[in-house]
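This is final.cif. It holds mmCIF, C-alpha atoms and all ligand atoms.
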```cif
data_protein
#
loop_
_atom_site.group_PDB
_atom_site.id
_atom_site.type_symbol
_atom_site.label_atom_id
_atom_site.label_comp_id
_atom_site.auth_asym_id
_atom_site.auth_seq_id
_atom_site.Cartn_x
_atom_site.Cartn_y
_atom_site.Cartn_z
ATOM 1 C CA MET L 12 0.000 0.000 0.000
ATOM 2 C CA SER L 13 1.473 3.341 -0.949
ATOM 3 C CA LYS L 14 1.948 6.225 1.382
ATOM 4 C CA VAL L 15 -1.092 7.819 -0.172
ATOM 5 C CA PHE L 16 -3.044 5.432 1.994
ATOM 6 C CA ARG L 17 -0.839 5.025 5.043
ATOM 7 C CA VAL L 18 1.735 7.269 6.578
ATOM 8 C CA PRO L 19 3.747 6.893 9.763
ATOM 9 C CA LEU L 20 2.027 8.685 12.606
ATOM 10 C CA PRO L 21 3.968 11.288 14.534
ATOM 11 C CA SER L 22 5.178 9.854 17.787
ATOM 12 C CA ALA L 23 4.011 12.842 19.780
ATOM 13 C CA ARG L 24 0.433 13.320 20.930
ATOM 14 C CA GLY L 25 -0.850 12.659 19.827
ATOM 15 C CA GLY L 26 -21.955 34.889 -1.624
ATOM 16 C CA ALA L 27 -24.146 36.065 -1.617
ATOM 17 C CA THR L 28 -26.132 36.923 -4.769
ATOM 18 C CA THR L 29 -24.985 40.443 -4.200
ATOM 19 C CA ALA L 30 -21.447 41.531 -3.453
ATOM 20 C CA PRO L 31 -20.176 39.898 -0.265
ATOM 21 C CA ARG L 32 -18.890 41.869 2.642
ATOM 22 C CA ALA L 33 -15.138 42.144 2.580
ATOM 23 C CA PRO L 34 -13.577 40.169 5.430
ATOM 24 C CA GLN L 35 -12.969 42.376 8.418
ATOM 25 C CA PRO L 36 -10.255 41.642 10.943
ATOM 26 C CA ALA L 37 -11.789 40.633 14.250
ATOM 27 C CA ALA L 38 -11.343 42.785 17.296
ATOM 28 C CA THR L 39 -8.164 41.488 18.849
ATOM 29 C CA PRO L 40 -9.112 38.953 21.493
ATOM 30 C CA PRO L 41 -6.210 37.746 23.619
ATOM 31 C CA ARG L 42 -6.088 34.074 22.745
ATOM 32 C CA ARG L 43 -4.591 32.873 19.477
ATOM 33 C CA GLY L 44 -4.623 29.392 18.025
ATOM 34 C CA ILE L 45 -7.615 27.097 17.668
ATOM 35 C CA VAL L 46 -10.323 28.552 19.898
ATOM 36 C CA ALA L 47 -13.116 26.060 19.123
ATOM 37 C CA GLY L 48 -13.957 23.010 17.076
ATOM 38 C CA CYS L 49 -17.471 22.307 15.861
ATOM 39 C CA LEU L 50 -19.329 19.361 14.431
ATOM 40 C CA SER L 51 -21.308 21.194 11.765
ATOM 41 C CA PRO L 52 -23.218 18.916 9.382
ATOM 42 C CA HIS L 53 -24.229 20.224 5.975
ATOM 43 C CA PRO L 54 -27.571 18.723 4.866
ATOM 44 C CA PRO L 55 -28.911 21.026 2.148
ATOM 45 C CA HIS L 56 -32.358 20.768 3.717
ATOM 46 C CA LEU L 57 -31.297 23.097 6.544
ATOM 47 C CA ILE L 58 -30.409 25.856 4.121
ATOM 48 C CA TYR L 59 -33.446 25.217 1.953
ATOM 49 C CA ALA L 60 -35.609 25.492 5.081
ATOM 50 C CA GLU L 61 -34.054 28.832 6.024
ATOM 51 C CA ASN L 62 -34.720 30.563 2.694
ATOM 52 C CA PRO L 63 -31.531 32.642 2.582
ATOM 53 C CA PRO L 64 -31.193 34.995 -0.389
ATOM 54 C CA GLN L 65 -28.222 33.030 -1.760
ATOM 55 C CA ASN L 66 -30.286 29.873 -2.311
ATOM 56 C CA GLU L 67 -32.705 29.740 -5.240
ATOM 57 C CA PRO L 68 -35.387 27.263 -4.033
ATOM 58 C CA ARG L 69 -38.051 28.444 -1.560
ATOM 59 C CA SER L 70 -39.492 26.474 1.336
ATOM 60 C CA THR L 71 -42.064 26.743 4.084
ATOM 61 C CA GLY L 72 -39.513 25.859 6.789
ATOM 62 C CA GLY L 73 -38.807 22.600 8.585
ATOM 63 C CA TRP L 74 -36.042 20.985 10.688
ATOM 64 C CA GLU L 75 -36.319 23.883 13.145
ATOM 65 C CA THR L 76 -34.619 22.264 16.123
ATOM 66 C CA LEU L 77 -31.404 21.754 14.194
ATOM 67 C CA ARG L 78 -31.616 25.239 12.746
ATOM 68 C CA TRP L 79 -32.057 26.666 16.244
ATOM 69 C CA ALA L 80 -28.954 24.726 17.298
ATOM 70 C CA TYR L 81 -27.085 26.425 14.484
ATOM 71 C CA GLU L 82 -28.396 29.792 15.635
ATOM 72 C CA ARG L 83 -26.744 29.156 19.004
ATOM 73 C CA LEU L 84 -23.499 28.239 17.288
ATOM 74 C CA ARG L 85 -23.668 31.345 15.106
ATOM 75 C CA ALA L 86 -24.023 33.495 18.215
ATOM 76 C CA ARG L 87 -21.081 31.759 19.891
ATOM 77 C CA ILE L 88 -18.873 32.381 16.891
ATOM 78 C CA ARG L 89 -19.969 35.984 16.476
ATOM 79 C CA GLU L 90 -19.960 37.005 20.141
ATOM 80 C CA VAL L 91 -17.435 34.742 21.866
ATOM 81 C CA HIS L 92 -14.964 33.094 19.521
ATOM 82 C CA LYS L 93 -14.600 35.985 17.065
ATOM 83 C CA PRO L 94 -12.287 33.998 14.803
ATOM 84 C CA ASP L 95 -10.293 35.501 11.990
ATOM 85 C CA VAL L 96 -10.577 32.280 10.000
ATOM 86 C CA LEU L 97 -12.913 29.302 9.650
ATOM 87 C CA ILE L 98 -11.196 26.050 8.627
ATOM 88 C CA VAL L 99 -13.591 23.475 7.202
ATOM 89 C CA HIS L 100 -13.118 19.810 6.326
ATOM 90 C CA ALA L 101 -15.994 18.418 4.311
ATOM 91 C CA PRO L 102 -16.659 14.998 2.785
ATOM 92 C CA HIS L 103 -17.906 15.976 -0.674
ATOM 93 C CA TRP L 104 -14.808 17.612 -2.028
ATOM 94 C CA ILE L 105 -13.435 14.172 -2.746
ATOM 95 C CA THR L 106 -9.806 13.845 -3.759
ATOM 96 C CA MET L 107 -8.746 10.312 -4.586
ATOM 97 C CA VAL L 108 -5.042 11.018 -4.194
ATOM 98 C CA GLY L 109 -3.934 13.054 -1.242
ATOM 99 C CA HIS L 110 -5.284 15.967 0.766
ATOM 100 C CA HIS L 111 -5.935 19.192 -1.111
ATOM 101 C CA VAL L 112 -6.195 22.718 0.271
ATOM 102 C CA ASN L 113 -8.213 25.361 -1.548
ATOM 103 C CA CYS L 114 -5.795 28.245 -2.099
ATOM 104 C CA VAL L 115 -8.019 30.205 -4.507
ATOM 105 C CA PRO L 116 -8.308 33.740 -3.091
ATOM 106 C CA ASN L 117 -11.936 34.408 -3.983
ATOM 107 C CA PRO L 118 -13.996 31.352 -4.949
ATOM 108 C CA ARG L 119 -17.343 32.292 -6.378
ATOM 109 C CA GLY L 120 -20.034 30.499 -8.314
ATOM 110 C CA THR L 121 -23.074 28.292 -7.822
ATOM 111 C CA SER L 122 -22.990 25.155 -5.711
ATOM 112 C CA VAL L 123 -25.627 22.557 -6.540
ATOM 113 C CA GLU L 124 -26.457 19.476 -4.521
ATOM 114 C CA PRO L 125 -26.534 16.734 -7.167
ATOM 115 C CA ILE L 126 -29.198 14.595 -5.464
ATOM 116 C CA PHE L 127 -31.299 17.527 -4.273
ATOM 117 C CA PRO L 128 -30.917 20.235 -6.941
ATOM 118 C CA HIS L 129 -34.487 21.286 -6.190
ATOM 119 C CA LEU L 130 -33.368 22.168 -2.636
ATOM 120 C CA PHE L 131 -29.895 23.584 -3.040
ATOM 121 C CA ARG L 132 -28.686 25.897 -5.778
ATOM 122 C CA TYR L 133 -26.549 28.297 -3.780
ATOM 123 C CA HIS L 134 -24.635 31.345 -5.011
ATOM 124 C CA TYR L 135 -21.403 31.729 -3.074
ATOM 125 C CA ASP L 136 -18.663 34.332 -3.060
ATOM 126 C CA PHE L 137 -16.119 34.193 -0.258
ATOM 127 C CA HIS L 138 -12.512 34.905 0.603
ATOM 128 C CA THR L 139 -9.794 32.390 1.393
ATOM 129 C CA ASP L 140 -7.018 32.860 3.929
ATOM 130 C CA VAL L 141 -4.470 31.810 1.336
ATOM 131 C CA GLU L 142 -1.451 32.260 3.571
ATOM 132 C CA LEU L 143 -2.834 29.918 6.204
ATOM 133 C CA GLY L 144 -3.989 27.416 3.578
ATOM 134 C CA GLU L 145 -0.513 27.241 2.133
ATOM 135 C CA VAL L 146 1.049 26.709 5.553
ATOM 136 C CA ILE L 147 -1.422 23.905 6.339
ATOM 137 C CA ALA L 148 -0.478 22.198 3.085
ATOM 138 C CA ASP L 149 3.224 22.627 3.799
ATOM 139 C CA GLU L 150 2.902 21.307 7.345
ATOM 140 C CA ALA L 151 0.889 18.311 6.156
ATOM 141 C CA ASN L 152 3.445 17.596 3.485
ATOM 142 C CA GLY L 153 6.200 17.841 6.063
ATOM 143 C CA LEU L 154 4.417 15.257 8.210
ATOM 144 C CA GLY L 155 4.313 12.797 5.315
ATOM 145 C CA LEU L 156 0.886 13.381 3.802
ATOM 146 C CA VAL L 157 0.433 13.672 0.076
ATOM 147 C CA THR L 158 -0.890 17.212 -0.358
ATOM 148 C CA ARG L 159 -1.779 19.644 -3.109
ATOM 149 C CA LYS L 160 -2.593 23.364 -3.165
ATOM 150 C CA LEU L 161 -5.609 23.984 -5.377
ATOM 151 C CA ARG L 162 -5.026 27.094 -7.513
ATOM 152 C CA ASP L 163 -7.693 26.794 -10.203
ATOM 153 C CA PRO L 164 -10.033 29.822 -9.861
ATOM 154 C CA ARG L 165 -12.734 27.928 -11.780
ATOM 155 C CA VAL L 166 -13.197 25.509 -8.877
ATOM 156 C CA ARG L 167 -16.829 24.755 -8.094
ATOM 157 C CA VAL L 168 -16.992 24.451 -4.344
ATOM 158 C CA ASP L 169 -18.896 21.413 -3.096
ATOM 159 C CA TYR L 170 -22.158 21.719 -1.223
ATOM 160 C CA ALA L 171 -20.817 20.235 2.029
ATOM 161 C CA THR L 172 -18.237 22.993 2.327
ATOM 162 C CA ILE L 173 -20.709 25.695 1.345
ATOM 163 C CA GLY L 174 -23.436 24.222 3.533
ATOM 164 C CA ALA L 175 -21.386 24.143 6.715
ATOM 165 C CA LEU L 176 -19.967 27.600 6.131
ATOM 166 C CA HIS L 177 -23.385 29.123 5.488
ATOM 167 C CA LEU L 178 -24.923 27.446 8.522
ATOM 168 C CA VAL L 179 -22.149 28.734 10.773
ATOM 169 C CA ASN L 180 -21.684 32.171 9.241
ATOM 170 C CA PRO L 181 -24.344 33.215 6.712
ATOM 171 C CA ALA L 182 -22.769 36.680 6.447
ATOM 172 C CA TRP L 183 -19.608 35.140 4.922
ATOM 173 C CA ASP L 184 -17.543 37.887 6.542
ATOM 174 C CA ILE L 185 -14.849 35.585 7.966
ATOM 175 C CA PRO L 186 -12.069 34.246 5.717
ATOM 176 C CA VAL L 187 -12.027 30.521 5.043
ATOM 177 C CA VAL L 188 -9.634 27.640 4.534
ATOM 178 C CA SER L 189 -11.234 24.600 2.923
ATOM 179 C CA LEU L 190 -9.717 21.108 3.039
ATOM 180 C CA SER L 191 -10.621 18.188 0.800
ATOM 181 C CA ALA L 192 -11.611 14.703 1.887
ATOM 182 C CA ASN L 193 -9.067 12.153 0.750
ATOM 183 C CA ASN L 194 -11.703 9.479 0.530
ATOM 184 C CA ASN L 195 -9.572 6.437 0.028
ATOM 185 C CA PRO L 196 -11.132 5.018 3.208
ATOM 186 C CA TYR L 197 -14.309 4.450 1.232
ATOM 187 C CA PHE L 198 -12.524 1.659 -0.621
ATOM 188 C CA TYR L 199 -12.094 -0.315 2.575
ATOM 189 C CA SER L 200 -14.587 -1.871 4.902
ATOM 190 C CA ASP L 201 -13.025 -0.334 7.983
ATOM 191 C CA ALA L 202 -12.577 3.341 8.612
ATOM 192 C CA SER L 203 -9.033 4.486 8.066
ATOM 193 C CA LEU L 204 -8.678 7.606 10.124
ATOM 194 C CA GLU L 205 -4.953 7.660 10.903
ATOM 195 C CA GLU L 206 -4.191 10.242 8.244
ATOM 196 C CA MET L 207 -6.790 12.565 9.696
ATOM 197 C CA GLU L 208 -4.846 12.636 12.946
ATOM 198 C CA VAL L 209 -1.832 13.804 10.984
ATOM 199 C CA LEU L 210 -3.855 16.386 9.083
ATOM 200 C CA GLY L 211 -5.197 17.672 12.400
ATOM 201 C CA GLU L 212 -1.691 18.018 13.770
ATOM 202 C CA ALA L 213 -0.627 19.869 10.623
ATOM 203 C CA THR L 214 -3.623 22.190 10.942
ATOM 204 C CA ARG L 215 -2.823 23.012 14.554
ATOM 205 C CA ARG L 216 0.813 23.710 13.762
ATOM 206 C CA ALA L 217 -0.151 25.970 10.868
ATOM 207 C CA VAL L 218 -2.653 27.956 12.924
ATOM 208 C CA GLU L 219 -0.087 28.502 15.650
ATOM 209 C CA ALA L 220 2.701 29.351 13.212
ATOM 210 C CA THR L 221 0.587 32.012 11.519
ATOM 211 C CA GLY L 222 -0.866 33.397 14.751
ATOM 212 C CA ARG L 223 -4.420 32.935 13.606
ATOM 213 C CA ARG L 224 -7.482 32.721 15.824
ATOM 214 C CA ALA L 225 -9.303 29.814 14.216
ATOM 215 C CA VAL L 226 -12.562 27.912 14.530
ATOM 216 C CA LEU L 227 -12.563 24.440 12.976
ATOM 217 C CA LEU L 228 -15.641 22.984 11.283
ATOM 218 C CA ALA L 229 -16.079 19.232 10.842
ATOM 219 C CA SER L 230 -18.840 18.962 8.261
ATOM 220 C CA ASN L 231 -20.157 15.467 9.009
ATOM 221 C CA SER L 232 -23.543 13.965 9.675
ATOM 222 C CA LEU L 233 -23.737 11.008 12.086
ATOM 223 C CA SER L 234 -25.792 7.903 11.208
ATOM 224 C CA HIS L 235 -26.182 7.981 7.478
ATOM 225 C CA LEU L 236 -28.824 5.568 6.257
ATOM 226 C CA HIS L 237 -31.602 7.558 4.598
ATOM 227 C CA TRP L 238 -34.875 7.380 2.765
ATOM 228 C CA HIS L 239 -34.910 6.772 -0.958
ATOM 229 C CA GLU L 240 -38.206 8.486 -1.595
ATOM 230 C CA GLU L 241 -38.984 12.091 -0.834
ATOM 231 C CA PRO L 242 -42.371 13.408 0.299
ATOM 232 C CA GLU L 243 -44.225 15.636 -2.123
ATOM 233 C CA LEU L 244 -43.477 18.484 0.281
ATOM 234 C CA PRO L 245 -39.778 17.948 1.155
ATOM 235 C CA GLU L 246 -40.196 19.751 4.478
ATOM 236 C CA ASP L 247 -43.157 17.630 5.581
ATOM 237 C CA MET L 248 -42.070 16.981 9.169
ATOM 238 C CA GLU L 249 -44.640 14.236 9.613
ATOM 239 C CA ARG L 250 -42.265 12.114 7.561
ATOM 240 C CA GLU L 251 -39.091 13.008 9.421
ATOM 241 C CA HIS L 252 -37.769 10.554 11.994
ATOM 242 C CA PRO L 253 -34.726 8.315 12.570
ATOM 243 C CA TYR L 254 -34.115 5.710 9.888
ATOM 244 C CA ASN L 255 -34.476 3.069 12.594
ATOM 245 C CA ASN L 256 -33.967 2.720 16.325
ATOM 246 C CA HIS L 257 -30.618 1.003 15.893
ATOM 247 C CA GLN L 258 -29.222 4.074 14.116
ATOM 248 C CA TYR L 259 -30.733 6.408 16.703
ATOM 249 C CA ARG L 260 -29.384 4.456 19.683
ATOM 250 C CA TRP L 261 -25.872 4.447 18.235
ATOM 251 C CA ASP L 262 -26.030 8.189 17.652
ATOM 252 C CA MET L 263 -27.081 8.634 21.267
ATOM 253 C CA LYS L 264 -24.259 6.368 22.438
ATOM 254 C CA LEU L 265 -21.764 8.547 20.597
ATOM 255 C CA LEU L 266 -23.327 11.809 21.757
ATOM 256 C CA GLU L 267 -23.475 10.672 25.377
ATOM 257 C CA ALA L 268 -19.754 9.927 25.212
ATOM 258 C CA ILE L 269 -19.158 13.308 23.595
ATOM 259 C CA ARG L 270 -21.110 15.098 26.331
ATOM 260 C CA ARG L 271 -19.412 13.142 29.092
ATOM 261 C CA GLY L 272 -15.861 13.676 27.898
ATOM 262 C CA PRO L 273 -12.932 13.269 27.744
ATOM 263 C CA THR L 274 -12.543 12.901 24.005
ATOM 264 C CA ALA L 275 -9.826 10.213 24.044
ATOM 265 C CA PRO L 276 -12.327 7.303 24.164
ATOM 266 C CA LEU L 277 -13.860 8.652 20.957
ATOM 267 C CA ARG L 278 -10.824 7.340 19.087
ATOM 268 C CA GLU L 279 -12.251 3.867 19.630
ATOM 269 C CA LEU L 280 -15.908 4.778 19.556
ATOM 270 C CA ILE L 281 -15.943 6.734 16.278
ATOM 271 C CA PRO L 282 -14.883 3.704 14.164
ATOM 272 C CA GLU L 283 -17.399 1.519 16.022
ATOM 273 C CA HIS L 284 -20.121 4.070 15.331
ATOM 274 C CA ILE L 285 -19.116 4.169 11.667
ATOM 275 C CA GLU L 286 -19.328 0.404 11.417
ATOM 276 C CA ALA L 287 -22.756 0.355 13.080
ATOM 277 C CA THR L 288 -24.387 3.283 11.275
ATOM 278 C CA ALA L 289 -22.498 3.995 8.024
ATOM 279 C CA SER L 290 -21.727 7.321 9.697
ATOM 280 C CA GLU L 291 -20.479 10.119 7.491
ATOM 281 C CA THR L 292 -17.651 10.615 10.000
ATOM 282 C CA LYS L 293 -15.941 7.926 7.925
ATOM 283 C CA ALA L 294 -14.753 10.806 5.759
ATOM 284 C CA GLY L 295 -12.611 11.836 8.716
ATOM 285 C CA SER L 296 -13.734 15.396 9.398
ATOM 286 C CA LEU L 297 -14.594 14.748 13.055
ATOM 287 C CA THR L 298 -11.322 12.927 13.729
ATOM 288 C CA TRP L 299 -9.347 15.709 12.014
ATOM 289 C CA MET L 300 -10.989 18.356 14.160
ATOM 290 C CA LEU L 301 -10.551 16.516 17.477
ATOM 291 C CA ALA L 302 -6.931 15.725 16.646
ATOM 292 C CA ALA L 303 -6.286 19.385 15.849
ATOM 293 C CA LEU L 304 -7.744 20.288 19.245
ATOM 294 C CA GLY L 305 -5.382 17.756 20.853
ATOM 295 C CA TRP L 306 -8.177 15.357 21.917
ATOM 296 C CA PRO L 307 -9.284 17.620 24.777
ATOM 297 C CA LYS L 308 -10.152 16.156 28.163
ATOM 298 C CA VAL L 309 -13.382 18.118 28.315
ATOM 299 C CA GLY L 310 -16.688 17.027 26.817
ATOM 300 C CA GLY L 311 -18.435 18.651 23.892
ATOM 301 C CA ASP L 312 -21.491 20.870 24.207
ATOM 302 C CA VAL L 313 -24.290 19.324 22.122
ATOM 303 C CA PHE L 314 -26.426 22.225 20.900
ATOM 304 C CA GLY L 315 -28.946 20.005 19.176
ATOM 305 C CA TYR L 316 -29.683 16.737 17.384
ATOM 306 C CA GLY L 317 -32.188 15.910 14.698
ATOM 307 C CA THR L 318 -32.744 13.736 11.661
ATOM 308 C CA ILE L 319 -32.797 14.748 8.022
ATOM 309 C CA ILE L 320 -34.270 12.217 5.591
ATOM 310 C CA GLY L 321 -33.561 9.739 8.379
ATOM 311 C CA THR L 322 -29.870 10.563 8.902
ATOM 312 C CA GLY L 323 -28.633 11.689 12.315
ATOM 313 C CA ASN L 324 -27.185 15.167 12.672
ATOM 314 C CA ALA L 325 -25.751 16.974 15.680
ATOM 315 C CA VAL L 326 -24.358 20.458 16.198
ATOM 316 C CA VAL L 327 -21.579 20.242 18.794
ATOM 317 C CA GLU L 328 -18.939 22.611 20.093
ATOM 318 C CA TRP L 329 -15.639 21.675 21.725
ATOM 319 C CA LEU L 330 -13.244 24.066 23.359
ATOM 320 C CA PRO L 331 -9.508 23.474 23.698
ATOM 321 C CA GLU L 332 -7.916 22.601 27.014
ATOM 322 C CA GLY L 333 -8.115 25.432 29.488
ATOM 323 C CA SER L 334 -11.278 26.928 28.022
ATOM 324 C CA GLN L 335 -14.729 26.665 29.511
ATOM 325 C CA HIS L 336 -18.142 26.675 27.971
ATOM 326 C CA GLY L 337 -19.957 29.844 28.753
HETATM 327 FE FE FE L 401 -22.990 14.677 3.159
#
```
Give the structure from the file, written as structure tokens.
Ligand SMILES: [Fe+2]
Amino acid sequence: MSKVFRVPLPSARGGATTAPRAPQPAATPPRRGIVAGCLSPHPPHLIYAENPPQNEPRSTGGWETLRWAYERLRARIREVHKPDVLIVHAPHWITMVGHHVNCVPNPRGTSVEPIFPHLFRYHYDFHTDVELGEVIADEANGLGLVTRKLRDPRVRVDYATIGALHLVNPAWDIPVVSLSANNNPYFYSDASLEEMEVLGEATRRAVEATGRRAVLLASNSLSHLHWHEEPELPEDMEREHPYNNHQYRWDMKLLEAIRRGPTAPLRELIPEHIEATASETKAGSLTWMLAALGWPKVGGDVFGYGTIIGTGNAVVEWLPEGSQHG
């Protein structure tokens, strides 16, 4: 197996339709580095239900409890974390060879969800923290990962990246670094998350080296079995419930462990949860984010949980060691 698939682990620890707002530097809070990590799933239904101006389809609402959870997270980011960059890892920018970092200064275009184009046709226009993106790629390369800096300005940004970023910051006034999902693990029956630990370490080093104040976004749903037929009204909440009780119970098992803390046991539990529920965390976003945070000893704050076409989704915030939820 080539090093594209396996690398030695480090021995140590571990747009809007109109013109977007130009990124503004945050007021200068004292702490630098990674100030929070969030599980921030991207189902297009949540954006469809919100009816933002950037998205073409219109809805009558739906999935409110998850959207309220995102409102809490938005307030935390705006009022407490005040990051000068959002770093997102999302499973639908699939790169078969290596980990890619979007280094295009101003991606803009239309992102369409291929299975739900009637729900998600989103016009985006945002700014990349190119300097940080380049340092992440360099650090990852230095740790043995196959990496690439994406420079093509014609890139069409995937809906998982756009979805998470909109749900966390619909104003798009914070610069972004976007990481691809090297989805080789999908060729194997077991999750292969070791590389995500390395990518997390590289991300942390890059944030510290550049003096950024960063919030990390892991754009993953949890249990991932889903319906194959859609109601006539997509947001008909009478039809929305867990795919089955087995999937729901496993999501609760994972979330109870998350709430309880510390995060170290999640290294074992995440692969078990993937095996039991076909969880989207198989793409590695959650493992990347927790590794970047240094597998904190504290639990995560679960802002909300709900299902979308039967899949499990949770909005969760972790703080690094020495921080407290408030
Ligand atoms: Fe997805």
Give as a PyMOL selection string the set of residues within 8 Å of the point (-27.9, 18.6, 17.0), where distances use the file's coordinates and only C-alpha atoms. chain L and resi 76-77+80+313-317+324-327
Using the chain letters and numbers from this file, what does the PyMOL selection byres (((not hetatm)) within 12 of (chain L and resi 401)) select? Give the answer as an mmCIF file with C-alpha atoms, in the coordinates of the input.
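The result, written out as part-v7.cif:
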```cif
data_model
loop_
_atom_site.group_PDB
_atom_site.id
_atom_site.type_symbol
_atom_site.label_atom_id
_atom_site.label_comp_id
_atom_site.auth_asym_id
_atom_site.auth_seq_id
_atom_site.Cartn_x
_atom_site.Cartn_y
_atom_site.Cartn_z
ATOM 1 C CA SER L 51 -21.308 21.194 11.765
ATOM 2 C CA PRO L 52 -23.218 18.916 9.382
ATOM 3 C CA HIS L 53 -24.229 20.224 5.975
ATOM 4 C CA PRO L 54 -27.571 18.723 4.866
ATOM 5 C CA PRO L 55 -28.911 21.026 2.148
ATOM 6 C CA HIS L 56 -32.358 20.768 3.717
ATOM 7 C CA HIS L 100 -13.118 19.810 6.326
ATOM 8 C CA ALA L 101 -15.994 18.418 4.311
ATOM 9 C CA PRO L 102 -16.659 14.998 2.785
ATOM 10 C CA HIS L 103 -17.906 15.976 -0.674
ATOM 11 C CA TRP L 104 -14.808 17.612 -2.028
ATOM 12 C CA ILE L 105 -13.435 14.172 -2.746
ATOM 13 C CA GLU L 124 -26.457 19.476 -4.521
ATOM 14 C CA PRO L 125 -26.534 16.734 -7.167
ATOM 15 C CA ILE L 126 -29.198 14.595 -5.464
ATOM 16 C CA PHE L 127 -31.299 17.527 -4.273
ATOM 17 C CA ASP L 169 -18.896 21.413 -3.096
ATOM 18 C CA TYR L 170 -22.158 21.719 -1.223
ATOM 19 C CA ALA L 171 -20.817 20.235 2.029
ATOM 20 C CA THR L 172 -18.237 22.993 2.327
ATOM 21 C CA ILE L 173 -20.709 25.695 1.345
ATOM 22 C CA GLY L 174 -23.436 24.222 3.533
ATOM 23 C CA ALA L 175 -21.386 24.143 6.715
ATOM 24 C CA ALA L 192 -11.611 14.703 1.887
ATOM 25 C CA ALA L 229 -16.079 19.232 10.842
ATOM 26 C CA SER L 230 -18.840 18.962 8.261
ATOM 27 C CA ASN L 231 -20.157 15.467 9.009
ATOM 28 C CA SER L 232 -23.543 13.965 9.675
ATOM 29 C CA LEU L 233 -23.737 11.008 12.086
ATOM 30 C CA SER L 234 -25.792 7.903 11.208
ATOM 31 C CA HIS L 235 -26.182 7.981 7.478
ATOM 32 C CA LEU L 236 -28.824 5.568 6.257
ATOM 33 C CA HIS L 237 -31.602 7.558 4.598
ATOM 34 C CA ALA L 289 -22.498 3.995 8.024
ATOM 35 C CA SER L 290 -21.727 7.321 9.697
ATOM 36 C CA GLU L 291 -20.479 10.119 7.491
ATOM 37 C CA THR L 292 -17.651 10.615 10.000
ATOM 38 C CA LYS L 293 -15.941 7.926 7.925
ATOM 39 C CA ALA L 294 -14.753 10.806 5.759
ATOM 40 C CA SER L 296 -13.734 15.396 9.398
ATOM 41 C CA ILE L 319 -32.797 14.748 8.022
ATOM 42 C CA ILE L 320 -34.270 12.217 5.591
ATOM 43 C CA THR L 322 -29.870 10.563 8.902
ATOM 44 C CA GLY L 323 -28.633 11.689 12.315
ATOM 45 C CA ASN L 324 -27.185 15.167 12.672
#
```
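For the pair CA of Glu251 (chain L) and CA of Trp74 (chain L), the interatomic distance is 8.6 Å.
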Considering only C-alpha atoms, return as number ranges by chain whatever protein or nucleic-acid residues lie within 9 Å of Leu330 (chain L), sequence-local ones (same chain, fewer than 2 positions apart) excluded. L: 45-49, 304, 307, 309-312, 328, 332-336
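Picture a line from CA of Arg224 (chain L) to CA of Asp140 (chain L); it runs 11.9 Å.
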Complete the atom set of region 110-121 of chain L to N, CA and C atoms and return it as a tab-separated table (two decimals), keeping the file's coordinate frame.
```tsv
chain	number	residue	atom	x	y	z
L	110	HIS	N	-4.46	14.95	0.10
L	110	HIS	CA	-5.28	15.97	0.77
L	110	HIS	C	-5.03	17.30	0.08
L	111	HIS	N	-6.08	17.94	-0.38
L	111	HIS	CA	-5.94	19.19	-1.11
L	111	HIS	C	-6.43	20.35	-0.24
L	112	VAL	N	-5.81	21.51	-0.45
L	112	VAL	CA	-6.20	22.72	0.27
L	112	VAL	C	-6.58	23.76	-0.77
L	113	ASN	N	-7.76	24.33	-0.60
L	113	ASN	CA	-8.21	25.36	-1.55
L	113	ASN	C	-7.43	26.65	-1.28
L	114	CYS	N	-6.59	27.03	-2.22
L	114	CYS	CA	-5.80	28.24	-2.10
L	114	CYS	C	-6.23	29.29	-3.13
L	115	VAL	N	-7.46	29.21	-3.58
L	115	VAL	CA	-8.02	30.20	-4.51
L	115	VAL	C	-8.48	31.40	-3.67
L	116	PRO	N	-8.01	32.60	-3.98
L	116	PRO	CA	-8.31	33.74	-3.09
L	116	PRO	C	-9.79	34.08	-2.96
L	117	ASN	N	-10.54	33.96	-4.04
L	117	ASN	CA	-11.94	34.41	-3.98
L	117	ASN	C	-12.83	33.45	-4.78
L	118	PRO	N	-13.10	32.27	-4.24
L	118	PRO	CA	-14.00	31.35	-4.95
L	118	PRO	C	-15.40	31.95	-5.05
L	119	ARG	N	-15.97	31.84	-6.21
L	119	ARG	CA	-17.34	32.29	-6.38
L	119	ARG	C	-18.00	31.50	-7.50
L	120	GLY	N	-19.31	31.29	-7.33
L	120	GLY	CA	-20.03	30.50	-8.31
L	120	GLY	C	-21.32	29.99	-7.70
L	121	THR	N	-21.84	28.91	-8.30
L	121	THR	CA	-23.07	28.29	-7.82
L	121	THR	C	-22.77	26.86	-7.41
```
